>>> print(open('upload_10.txt').read())   # compact mmCIF, C-alpha atoms
# COMPACT_ATOMS: atom_id res chain seq x y z
CA MET A 499 5.81 -81.20 -141.73
CA ILE A 500 2.51 -80.17 -140.19
CA VAL A 501 0.52 -82.75 -138.24
CA TYR A 502 -2.68 -81.88 -136.42
CA SER A 503 -3.70 -83.77 -133.30
CA PRO A 504 -6.99 -85.66 -133.56
CA ILE A 505 -7.38 -85.02 -129.82
CA ASN A 506 -7.49 -81.22 -129.76
CA GLY A 507 -7.09 -80.15 -133.41
CA GLU A 508 -3.89 -78.22 -132.67
CA VAL A 509 -0.61 -78.71 -134.48
CA LEU A 510 1.69 -81.28 -132.90
CA THR A 511 4.72 -79.68 -131.27
CA ASN A 512 5.72 -82.46 -128.86
CA ALA A 513 8.37 -85.06 -129.51
CA PHE A 514 7.18 -88.60 -130.08
CA LYS A 515 8.95 -91.94 -130.17
CA PHE A 516 9.99 -93.66 -133.40
CA TYR A 517 9.61 -97.41 -133.87
CA PRO A 518 11.76 -98.36 -136.89
CA ARG A 519 11.01 -101.64 -138.63
CA THR A 520 7.88 -102.11 -136.56
CA ALA A 521 4.38 -103.05 -137.68
CA PHE A 522 1.36 -101.64 -135.88
CA VAL A 523 -1.20 -104.45 -135.88
CA MET A 524 -4.84 -103.37 -135.86
CA THR A 525 -7.36 -106.04 -134.97
CA LYS A 526 -9.68 -107.29 -132.25
CA LEU A 527 -7.58 -107.55 -129.10
CA GLY A 528 -9.96 -108.36 -126.23
CA MET A 529 -11.27 -111.84 -125.52
CA PRO A 530 -12.99 -113.83 -126.88
CA ILE A 531 -10.89 -114.22 -130.04
CA SER A 532 -11.97 -116.69 -132.72
CA GLU A 533 -9.73 -119.63 -133.65
CA GLU A 534 -9.34 -118.17 -137.12
CA LEU A 535 -8.16 -114.79 -135.81
CA ALA A 536 -5.77 -116.47 -133.37
CA ALA A 537 -4.29 -118.51 -136.23
CA MET A 538 -3.93 -115.37 -138.33
CA ARG A 539 -2.14 -113.51 -135.53
CA ASP A 540 0.23 -116.46 -134.98
CA ALA A 541 1.05 -116.76 -138.69
CA LEU A 542 1.58 -113.02 -138.95
CA LYS A 543 3.85 -112.98 -135.90
CA LEU A 544 5.96 -115.73 -137.47
CA GLN A 545 6.28 -113.95 -140.81
CA LEU A 546 7.13 -110.60 -139.20
CA ALA A 547 9.83 -112.25 -137.09
CA LYS A 548 11.27 -113.94 -140.20
CA CYS A 549 11.57 -110.53 -141.84
CA GLN A 550 13.07 -108.90 -138.71
CA PHE A 551 10.01 -106.73 -138.15
CA ASN A 552 8.83 -105.95 -134.64
CA GLU A 553 5.15 -106.06 -133.81
CA ILE A 554 3.17 -103.61 -131.71
CA ASP A 555 -0.54 -103.25 -131.04
CA ALA A 556 -2.78 -100.98 -129.00
CA SER A 557 -2.39 -103.21 -125.93
CA SER A 558 1.42 -103.33 -126.09
CA SER A 559 1.94 -100.38 -123.78
CA VAL A 560 -0.30 -98.76 -121.21
CA THR A 561 0.50 -95.13 -120.53
CA GLY A 562 -2.57 -94.21 -118.52
CA LYS A 563 -3.13 -91.31 -120.92
CA ASP A 564 -5.84 -90.89 -123.51
CA PHE A 565 -6.13 -94.11 -125.54
CA LEU A 566 -6.53 -92.36 -128.90
CA ASP A 567 -3.57 -90.10 -128.12
CA LYS A 568 -1.46 -93.19 -127.41
CA ILE A 569 -2.49 -94.98 -130.60
CA TRP A 570 -2.04 -91.90 -132.75
CA LYS A 571 1.50 -91.33 -131.47
CA VAL A 572 2.41 -94.97 -132.06
CA ILE A 573 1.07 -94.63 -135.61
CA LEU A 574 3.25 -91.55 -136.14
CA GLY A 575 6.32 -93.52 -135.10
CA VAL A 576 5.93 -96.74 -137.10
CA PRO A 577 6.47 -97.37 -140.83
CA LEU A 578 3.81 -100.03 -141.31
CA GLY A 579 0.23 -100.80 -140.34
CA ILE A 580 -1.39 -104.22 -140.70
CA ALA A 581 -5.14 -104.63 -140.26
CA VAL A 582 -6.20 -108.19 -139.51
CA LEU A 583 -9.86 -108.69 -140.40
CA THR A 584 -12.29 -111.57 -140.11
CA LYS A 585 -16.02 -111.78 -140.69
CA ASP A 586 -16.79 -112.29 -137.00
CA ILE A 587 -15.25 -109.00 -135.80
CA LYS A 588 -18.02 -106.72 -134.54
CA PRO A 589 -18.84 -103.46 -136.40
CA ARG A 590 -17.75 -101.36 -133.41
CA THR A 591 -14.26 -102.89 -133.48
CA LEU A 592 -14.12 -102.72 -137.29
CA ALA A 593 -14.90 -98.99 -137.14
CA ASN A 594 -11.86 -98.46 -134.88
CA ILE A 595 -9.63 -100.52 -137.17
CA TYR A 596 -10.70 -98.63 -140.30
CA TYR A 597 -10.27 -95.30 -138.49
CA GLU A 598 -6.68 -96.24 -137.62
CA LEU A 599 -6.06 -97.52 -141.14
CA GLY A 600 -7.31 -94.20 -142.51
CA ILE A 601 -4.98 -92.23 -140.22
CA MET A 602 -2.05 -94.37 -141.38
CA ASP A 603 -2.85 -93.83 -145.07
CA ALA A 604 -3.18 -90.08 -144.51
CA LEU A 605 0.21 -89.98 -142.77
CA GLY A 606 1.98 -91.76 -145.63
CA LYS A 607 2.52 -95.04 -143.78
CA GLU A 608 2.63 -98.39 -145.53
CA THR A 609 -0.56 -100.35 -144.96
CA ILE A 610 -1.87 -103.79 -145.73
CA ILE A 611 -4.96 -105.77 -144.83
CA VAL A 612 -4.68 -109.44 -143.91
CA LYS A 613 -8.18 -110.88 -144.13
CA SER A 614 -10.19 -114.08 -144.20
CA PRO A 615 -10.98 -115.03 -147.81
CA ASN A 616 -14.72 -114.54 -147.18
CA TYR A 617 -14.36 -111.04 -145.74
CA ASP A 618 -15.32 -108.17 -148.09
CA ILE A 619 -13.39 -104.90 -147.91
CA PRO A 620 -15.47 -101.65 -147.92
CA SER A 621 -15.27 -99.67 -151.16
CA ASP A 622 -13.16 -96.79 -149.75
CA PHE A 623 -10.43 -99.35 -149.03
CA LYS A 624 -10.55 -101.14 -152.38
CA ARG A 625 -7.18 -99.62 -153.26
CA THR A 626 -5.60 -100.74 -150.01
CA GLU A 627 -3.51 -103.82 -150.62
CA TYR A 628 -4.77 -107.01 -149.04
CA ILE A 629 -3.66 -110.59 -148.56
CA ASN A 630 -6.11 -113.42 -148.02
CA PHE A 631 -5.32 -115.73 -145.14
CA ASP A 632 -5.19 -118.96 -147.11
CA LYS A 633 -2.54 -121.44 -148.33
CA SER A 634 -0.65 -118.70 -150.18
CA PHE A 635 -0.48 -116.32 -147.19
CA SER A 636 3.24 -116.77 -146.40
CA LYS A 637 4.25 -116.39 -150.03
CA GLN A 638 2.08 -113.32 -150.55
CA PHE A 639 3.25 -111.73 -147.31
CA LEU A 640 6.92 -112.18 -148.22
CA LYS A 641 6.17 -110.65 -151.61
CA PHE A 642 4.73 -107.63 -149.82
CA ILE A 643 7.84 -107.36 -147.61
CA ASP A 644 10.01 -107.49 -150.76
CA ASN A 645 7.99 -104.60 -152.12
CA LEU A 646 8.67 -102.67 -148.90
CA LYS A 647 12.38 -102.96 -149.70
CA GLU A 648 11.66 -101.40 -153.10
CA ARG A 649 9.73 -98.63 -151.37
CA GLU A 650 12.67 -97.98 -149.05
CA ASP A 651 14.95 -97.60 -152.12
CA HIS A 652 12.32 -95.39 -153.76
CA TYR A 653 12.17 -93.04 -150.75
CA TRP A 654 15.96 -92.85 -150.69
CA LEU A 655 16.02 -91.99 -154.41
CA MET A 656 13.17 -89.47 -154.01
CA SER A 657 15.06 -87.72 -151.22
CA GLU A 658 17.86 -87.01 -153.69
CA ILE A 659 15.61 -85.93 -156.55
CA ILE A 660 13.64 -83.45 -154.44
CA GLN A 661 16.55 -82.01 -152.48
CA ALA A 662 15.54 -78.51 -153.61
CA ASP A 663 12.87 -78.89 -150.92
CA PRO A 664 14.95 -79.94 -147.89
CA VAL A 665 12.00 -80.58 -145.55
CA LEU A 666 10.37 -82.92 -148.03
CA SER A 667 13.70 -84.57 -148.78
CA ILE A 668 14.33 -85.27 -145.08
CA ASP A 669 10.78 -86.61 -144.70
CA TYR A 670 11.40 -89.13 -147.49
CA ILE A 671 14.64 -90.16 -145.79
CA LYS A 672 12.69 -90.62 -142.56
CA ARG A 673 10.32 -92.99 -144.36
CA ALA A 674 13.26 -95.03 -145.66
CA TYR A 675 14.83 -95.04 -142.20
CA LEU A 676 11.64 -96.28 -140.53
CA LEU A 677 11.52 -99.21 -142.95
CA ASN A 678 15.20 -99.98 -142.42
CA PRO A 679 17.13 -97.98 -139.80
CA LEU A 680 20.46 -97.59 -141.58
CA LYS A 681 22.95 -95.06 -140.22
CA LYS A 682 23.50 -93.57 -143.69
CA TYR A 683 19.91 -92.34 -143.74
CA LYS A 684 20.23 -90.25 -140.59
CA LYS A 685 23.68 -89.06 -141.65
CA GLU A 686 22.27 -87.75 -144.94
CA ALA A 687 19.23 -86.20 -143.24
CA ASN A 688 21.52 -84.45 -140.77
CA LYS A 689 23.69 -83.15 -143.61
CA ILE A 690 20.67 -81.72 -145.46
CA PHE A 691 19.38 -80.20 -142.22
CA ILE A 692 22.69 -78.46 -141.41
CA GLU A 693 23.08 -77.17 -144.98
CA ASN A 694 19.55 -75.72 -145.02
CA ASP A 695 19.09 -74.74 -141.39
CA LEU A 696 18.35 -71.09 -142.18
CA ASN A 697 15.69 -71.93 -144.75
CA ILE A 698 13.69 -74.36 -142.63
CA ASP A 699 10.67 -73.14 -140.64
CA GLU A 700 10.52 -73.67 -136.88
CA GLN A 701 7.65 -76.18 -137.00
CA SER A 702 9.52 -78.40 -139.46
CA LYS A 703 12.68 -78.07 -137.37
CA LEU A 704 10.84 -79.55 -134.37
CA HIS A 705 9.89 -82.65 -136.34
CA ILE A 706 13.27 -83.01 -138.01
CA LYS A 707 15.16 -82.70 -134.70
CA ASN A 708 12.78 -85.24 -133.16
CA PHE A 709 13.73 -87.63 -135.94
CA LEU A 710 17.46 -86.90 -135.87
CA ASN A 711 17.63 -87.28 -132.09
CA SER A 712 15.60 -90.50 -132.00
CA ARG A 713 17.28 -93.78 -131.12
CA MET B 1171 29.18 -83.65 -171.38
CA SER B 1172 25.77 -84.82 -170.14
CA VAL B 1173 23.18 -82.22 -169.20
CA LYS B 1174 21.27 -82.83 -165.98
CA LYS B 1175 17.59 -82.52 -166.85
CA ASP B 1176 15.32 -80.69 -164.42
CA VAL B 1177 12.28 -82.88 -164.99
CA VAL B 1178 12.77 -86.60 -164.37
CA GLN B 1179 10.57 -89.60 -163.61
CA THR B 1180 10.81 -92.64 -161.41
CA LYS B 1181 8.59 -95.65 -160.78
CA ASN B 1182 6.65 -95.75 -157.52
CA PRO B 1183 6.83 -99.37 -156.30
CA ARG B 1184 3.63 -98.97 -154.30
CA THR B 1185 1.51 -98.24 -157.36
CA GLY B 1186 3.77 -99.51 -160.14
CA ARG B 1187 3.17 -96.16 -161.87
CA TYR B 1188 5.67 -93.47 -162.87
CA VAL B 1189 5.92 -90.15 -161.05
CA LYS B 1190 7.16 -86.98 -162.75
CA ILE B 1191 9.33 -84.67 -160.62
CA ASP B 1192 10.80 -81.21 -161.15
CA ARG B 1193 14.23 -81.54 -159.61
CA SER B 1194 15.01 -77.80 -159.66
CA LYS B 1195 11.94 -77.02 -157.53
CA GLY B 1196 11.89 -80.22 -155.48
CA ARG B 1197 8.29 -80.73 -156.51
CA ILE B 1198 6.31 -83.75 -157.61
CA LEU B 1199 4.47 -82.70 -160.76
CA THR B 1200 2.15 -85.60 -161.49
CA ALA B 1201 1.71 -89.36 -161.28
CA LYS B 1202 0.84 -91.45 -164.33
CA LYS B 1203 -2.50 -93.22 -164.28
CA SER B 1204 -1.65 -95.78 -166.97
CA PRO B 1205 1.26 -98.25 -167.11
CA GLY B 1206 4.64 -97.35 -168.59
CA PRO B 1207 6.86 -94.28 -168.40
CA TYR B 1208 6.24 -90.74 -169.71
CA LYS B 1209 7.69 -90.22 -173.18
CA GLY B 1210 10.84 -88.13 -173.48
CA ILE B 1211 11.44 -87.80 -169.73
CA PRO B 1212 14.60 -89.36 -168.27
CA VAL B 1213 13.95 -92.28 -165.92
CA LEU B 1214 15.87 -92.43 -162.64
CA ARG B 1215 16.18 -95.85 -161.04
CA LYS B 1216 18.91 -95.53 -158.44
CA ARG B 1217 20.36 -92.84 -156.27
CA SER B 1218 23.65 -91.45 -157.50
CA SER B 1219 25.28 -91.49 -154.04
>>> encode(input="upload_10.txt", output="structure tokens")
Amino acid sequence: MIVYSPINGEVLTNAFKFYPRTAFVMTKLGMPISEELAAMRDALKLQLAKCQFNEIDASSSVTGKDFLDKIWKVILGVPLGIAVLTKDIKPRTLANIYYELGIMDALGKETIIVKSPNYDIPSDFKRTEYINFDKSFSKQFLKFIDNLKEREDHYWLMSEIIQADPVLSIDYIKRAYLLNPLKKYKKEANKIFIENDLNIDEQSKLHIKNFLNSR
Amino acid sequence: MSVKKDVVQTKNPRTGRYVKIDRSKGRILTAKKSPGPYKGIPVLRKRSS
């Protein structure tokens, strides 16, 4: 796995933290927040809790380091990104949200947009799944979470089918693990890693060990 | 005795489309753009272990 830092353009060689079963919420965080956005955040929080998903956003932890570096590393560690969009969010904030959404898509993370019914999605994001915040929100959101379970099973199956490429196989297992941190996933990843240790490049080993040693 | 085919397909739940994979190389060959599976390619639905 090769990941380049958006901060300095060099390949990432540092360990980063994993946040299994956690959603990174991208939205306007600073005050003032509209009543609609506040209601959307509350409803989302409730649904995530129901599905045993943790929630994290850019204000959840302050490291004192570069803000983009912090966000990027959180994105690397989570399985899911949720953009919450309303018509009253300013273009400057929207640009940040879409930038983060783009990073998540490029890194193979699950993404979804929760939006006000009257908010139009830009054309580059037409293929990104979205849920309107209306009467059917809870039902649609649970449907999306059900689909995440199917994706977890798919990644687990894919890891078996593509075992001839151990690095890719372990990466698929990692995606399943982030959606649902079952011990069997890490056990299998560790087995593949030990069996193929000599054939795995040093850069990939760094990422795999980071995953296997994560808590 | 059943022969294990090298090329198989499985449905991607994110897109609802089938993906063709060469098991011997561990490589994803292509993803279908239209609904339904590829003809003549075994479909895998669940992991064997």
>>> interface_residues(input="upload_10.txt", of="chain B", to="chain A", cutoff="10 Å", atoms="only C-alpha atoms", output="list in words")
Asp1176, Val1177, Val1178, Gln1179, Thr1180, Lys1181, Asn1182, Pro1183, Arg1184, Thr1185, Ile1191, Asp1192, Arg1193, Ser1194, Lys1195, Gly1196, Arg1197, Ile1198, Leu1214, Arg1215, Lys1216, Arg1217, Ser1218 and Ser1219 of chain B
>>> write_last_selection(input="upload_10.txt", atoms="C-alpha atoms", output="mmCIF file, in the coordinates of the input")
data_model
loop_
_atom_site.group_PDB
_atom_site.id
_atom_site.type_symbol
_atom_site.label_atom_id
_atom_site.label_comp_id
_atom_site.auth_asym_id
_atom_site.auth_seq_id
_atom_site.Cartn_x
_atom_site.Cartn_y
_atom_site.Cartn_z
ATOM 1 C CA ASP B 1176 15.320 -80.690 -164.420
ATOM 2 C CA VAL B 1177 12.280 -82.880 -164.990
ATOM 3 C CA VAL B 1178 12.770 -86.600 -164.370
ATOM 4 C CA GLN B 1179 10.570 -89.600 -163.610
ATOM 5 C CA THR B 1180 10.810 -92.640 -161.410
ATOM 6 C CA LYS B 1181 8.590 -95.650 -160.780
ATOM 7 C CA ASN B 1182 6.650 -95.750 -157.520
ATOM 8 C CA PRO B 1183 6.830 -99.370 -156.300
ATOM 9 C CA ARG B 1184 3.630 -98.970 -154.300
ATOM 10 C CA THR B 1185 1.510 -98.240 -157.360
ATOM 11 C CA ILE B 1191 9.330 -84.670 -160.620
ATOM 12 C CA ASP B 1192 10.800 -81.210 -161.150
ATOM 13 C CA ARG B 1193 14.230 -81.540 -159.610
ATOM 14 C CA SER B 1194 15.010 -77.800 -159.660
ATOM 15 C CA LYS B 1195 11.940 -77.020 -157.530
ATOM 16 C CA GLY B 1196 11.890 -80.220 -155.480
ATOM 17 C CA ARG B 1197 8.290 -80.730 -156.510
ATOM 18 C CA ILE B 1198 6.310 -83.750 -157.610
ATOM 19 C CA LEU B 1214 15.870 -92.430 -162.640
ATOM 20 C CA ARG B 1215 16.180 -95.850 -161.040
ATOM 21 C CA LYS B 1216 18.910 -95.530 -158.440
ATOM 22 C CA ARG B 1217 20.360 -92.840 -156.270
ATOM 23 C CA SER B 1218 23.650 -91.450 -157.500
ATOM 24 C CA SER B 1219 25.280 -91.490 -154.040
#
>>> residues_around(input="upload_10.txt", residues="stretch 672-678 of chain A", least_positions_apart="2", cutoff="6 Å", atoms="all atoms listed in the file", output="list in words")
Pro518, Arg519, Pro577, Glu650, Tyr653, Asp669, Tyr670, Leu680 and Tyr683 of chain A
>>> residues_around(input="upload_10.txt", residues="B:Arg1187", least_positions_apart="5", cutoff="8 Å", atoms="only C-alpha atoms", output="PyMOL selection string")
chain B and resi 1181-1182+1201-1207
>>> residues_around(input="upload_10.txt", residues="A:Met538", least_positions_apart="4", cutoff="9 Å", atoms="all atoms listed in the file", output="PDB file with C-alpha atoms, in the frame of the given file")
ATOM      1  CA  GLU A 533      -9.730-119.630-133.650  1.00  0.00           C
ATOM      2  CA  GLU A 534      -9.340-118.170-137.120  1.00  0.00           C
ATOM      3  CA  LEU A 542       1.580-113.020-138.950  1.00  0.00           C
ATOM      4  CA  LYS A 543       3.850-112.980-135.900  1.00  0.00           C
ATOM      5  CA  VAL A 582      -6.200-108.190-139.510  1.00  0.00           C
ATOM      6  CA  VAL A 612      -4.680-109.440-143.910  1.00  0.00           C
ATOM      7  CA  LYS A 613      -8.180-110.880-144.130  1.00  0.00           C
ATOM      8  CA  SER A 614     -10.190-114.080-144.200  1.00  0.00           C
ATOM      9  CA  PHE A 631      -5.320-115.730-145.140  1.00  0.00           C
TER      10      PHE A 631
END
>>> residues_around(input="upload_10.txt", residues="A:Gln638", least_positions_apart="2", cutoff="12 Å", atoms="only C-alpha atoms", output="PyMOL selection string")
chain A and resi 542+545+610-612+627-636+640-645
>>> axis_aligned_box(input="upload_10.txt", around="stretch 1196-1205 of chain B", padding_each_side="4 Å", output="JSON")
{"center_x": 4.7, "center_y": -89.2, "center_z": -161.3, "size_x": 22.4, "size_y": 26.0, "size_z": 19.6}
>>> closest_residue(input="upload_10.txt", among="A:Phe514, A:Trp570, A:Phe623, A:Tyr502", to="A:Lys707", atoms="all atoms listed in the file")
A:Phe514
>>> residues_around(input="upload_10.txt", residues="A:Gly600", least_positions_apart="3", cutoff="12 Å", atoms="all atoms listed in the file", output="PDB file with C-alpha atoms, in the coordinates of the input")
ATOM      1  CA  MET A 524      -4.840-103.370-135.860  1.00  0.00           C
ATOM      2  CA  TRP A 570      -2.040 -91.900-132.750  1.00  0.00           C
ATOM      3  CA  ILE A 573       1.070 -94.630-135.610  1.00  0.00           C
ATOM      4  CA  GLY A 579       0.230-100.800-140.340  1.00  0.00           C
ATOM      5  CA  ILE A 580      -1.390-104.220-140.700  1.00  0.00           C
ATOM      6  CA  ALA A 581      -5.140-104.630-140.260  1.00  0.00           C
ATOM      7  CA  ALA A 593     -14.900 -98.990-137.140  1.00  0.00           C
ATOM      8  CA  ASN A 594     -11.860 -98.460-134.880  1.00  0.00           C
ATOM      9  CA  ILE A 595      -9.630-100.520-137.170  1.00  0.00           C
ATOM     10  CA  TYR A 596     -10.700 -98.630-140.300  1.00  0.00           C
ATOM     11  CA  TYR A 597     -10.270 -95.300-138.490  1.00  0.00           C
ATOM     12  CA  ASP A 603      -2.850 -93.830-145.070  1.00  0.00           C
ATOM     13  CA  ALA A 604      -3.180 -90.080-144.510  1.00  0.00           C
ATOM     14  CA  LEU A 605       0.210 -89.980-142.770  1.00  0.00           C
ATOM     15  CA  GLY A 606       1.980 -91.760-145.630  1.00  0.00           C
ATOM     16  CA  LYS A 607       2.520 -95.040-143.780  1.00  0.00           C
ATOM     17  CA  GLU A 608       2.630 -98.390-145.530  1.00  0.00           C
ATOM     18  CA  THR A 609      -0.560-100.350-144.960  1.00  0.00           C
ATOM     19  CA  ILE A 610      -1.870-103.790-145.730  1.00  0.00           C
ATOM     20  CA  ASP A 622     -13.160 -96.790-149.750  1.00  0.00           C
ATOM     21  CA  PHE A 623     -10.430 -99.350-149.030  1.00  0.00           C
ATOM     22  CA  THR A 626      -5.600-100.740-150.010  1.00  0.00           C
TER      23      THR A 626
END
>>> atom_distance(input="upload_10.txt", atom1="atom CA of A:Ala547", atom2="atom CA of A:Ile671")
24.2 Å
>>> residues_near_point(input="upload_10.txt", point="(-17.7, -113.5, -139.1)", cutoff="12 Å", atoms="only C-alpha atoms", output="number ranges by chain")
A: 531-535, 583-589, 592, 613-618
>>> decode(input="upload_10.txt", residues="stretch 683-694 of chain A", atoms="N, CA and C atoms", output="mmCIF file, in the first residue's frame")
data_model
loop_
_atom_site.group_PDB
_atom_site.id
_atom_site.type_symbol
_atom_site.label_atom_id
_atom_site.label_comp_id
_atom_site.auth_asym_id
_atom_site.auth_seq_id
_atom_site.Cartn_x
_atom_site.Cartn_y
_atom_site.Cartn_z
ATOM 1 N N TYR A 683 -10.680 -11.501 11.563
ATOM 2 C CA TYR A 683 -10.105 -10.738 10.462
ATOM 3 C C TYR A 683 -8.596 -10.530 10.675
ATOM 4 N N LYS A 684 -8.251 -10.101 11.866
ATOM 5 C CA LYS A 684 -6.822 -9.870 12.141
ATOM 6 C C LYS A 684 -6.039 -11.187 12.151
ATOM 7 N N LYS A 685 -6.699 -12.234 12.635
ATOM 8 C CA LYS A 685 -6.049 -13.546 12.697
ATOM 9 C C LYS A 685 -5.686 -13.998 11.281
ATOM 10 N N GLU A 686 -6.643 -13.840 10.362
ATOM 11 C CA GLU A 686 -6.419 -14.239 8.971
ATOM 12 C C GLU A 686 -5.357 -13.351 8.316
ATOM 13 N N ALA A 687 -5.422 -12.048 8.575
ATOM 14 C CA ALA A 687 -4.436 -11.123 8.001
ATOM 15 C C ALA A 687 -3.031 -11.480 8.493
ATOM 16 N N ASN A 688 -2.941 -11.816 9.768
ATOM 17 C CA ASN A 688 -1.652 -12.191 10.349
ATOM 18 C C ASN A 688 -1.118 -13.471 9.713
ATOM 19 N N LYS A 689 -2.020 -14.410 9.472
ATOM 20 C CA LYS A 689 -1.639 -15.692 8.853
ATOM 21 C C LYS A 689 -1.079 -15.439 7.444
ATOM 22 N N ILE A 690 -1.789 -14.631 6.670
ATOM 23 C CA ILE A 690 -1.339 -14.329 5.298
ATOM 24 C C ILE A 690 0.006 -13.608 5.339
ATOM 25 N N PHE A 691 0.150 -12.703 6.304
ATOM 26 C CA PHE A 691 1.390 -11.930 6.425
ATOM 27 C C PHE A 691 2.579 -12.854 6.734
ATOM 28 N N ILE A 692 2.389 -13.762 7.683
ATOM 29 C CA ILE A 692 3.482 -14.676 8.070
ATOM 30 C C ILE A 692 3.835 -15.594 6.902
ATOM 31 N N GLU A 693 2.818 -16.100 6.220
ATOM 32 C CA GLU A 693 3.062 -17.023 5.092
ATOM 33 C C GLU A 693 3.775 -16.355 3.919
ATOM 34 N N ASN A 694 3.610 -15.035 3.790
ATOM 35 C CA ASN A 694 4.152 -14.339 2.610
ATOM 36 C C ASN A 694 5.200 -13.296 2.958
#
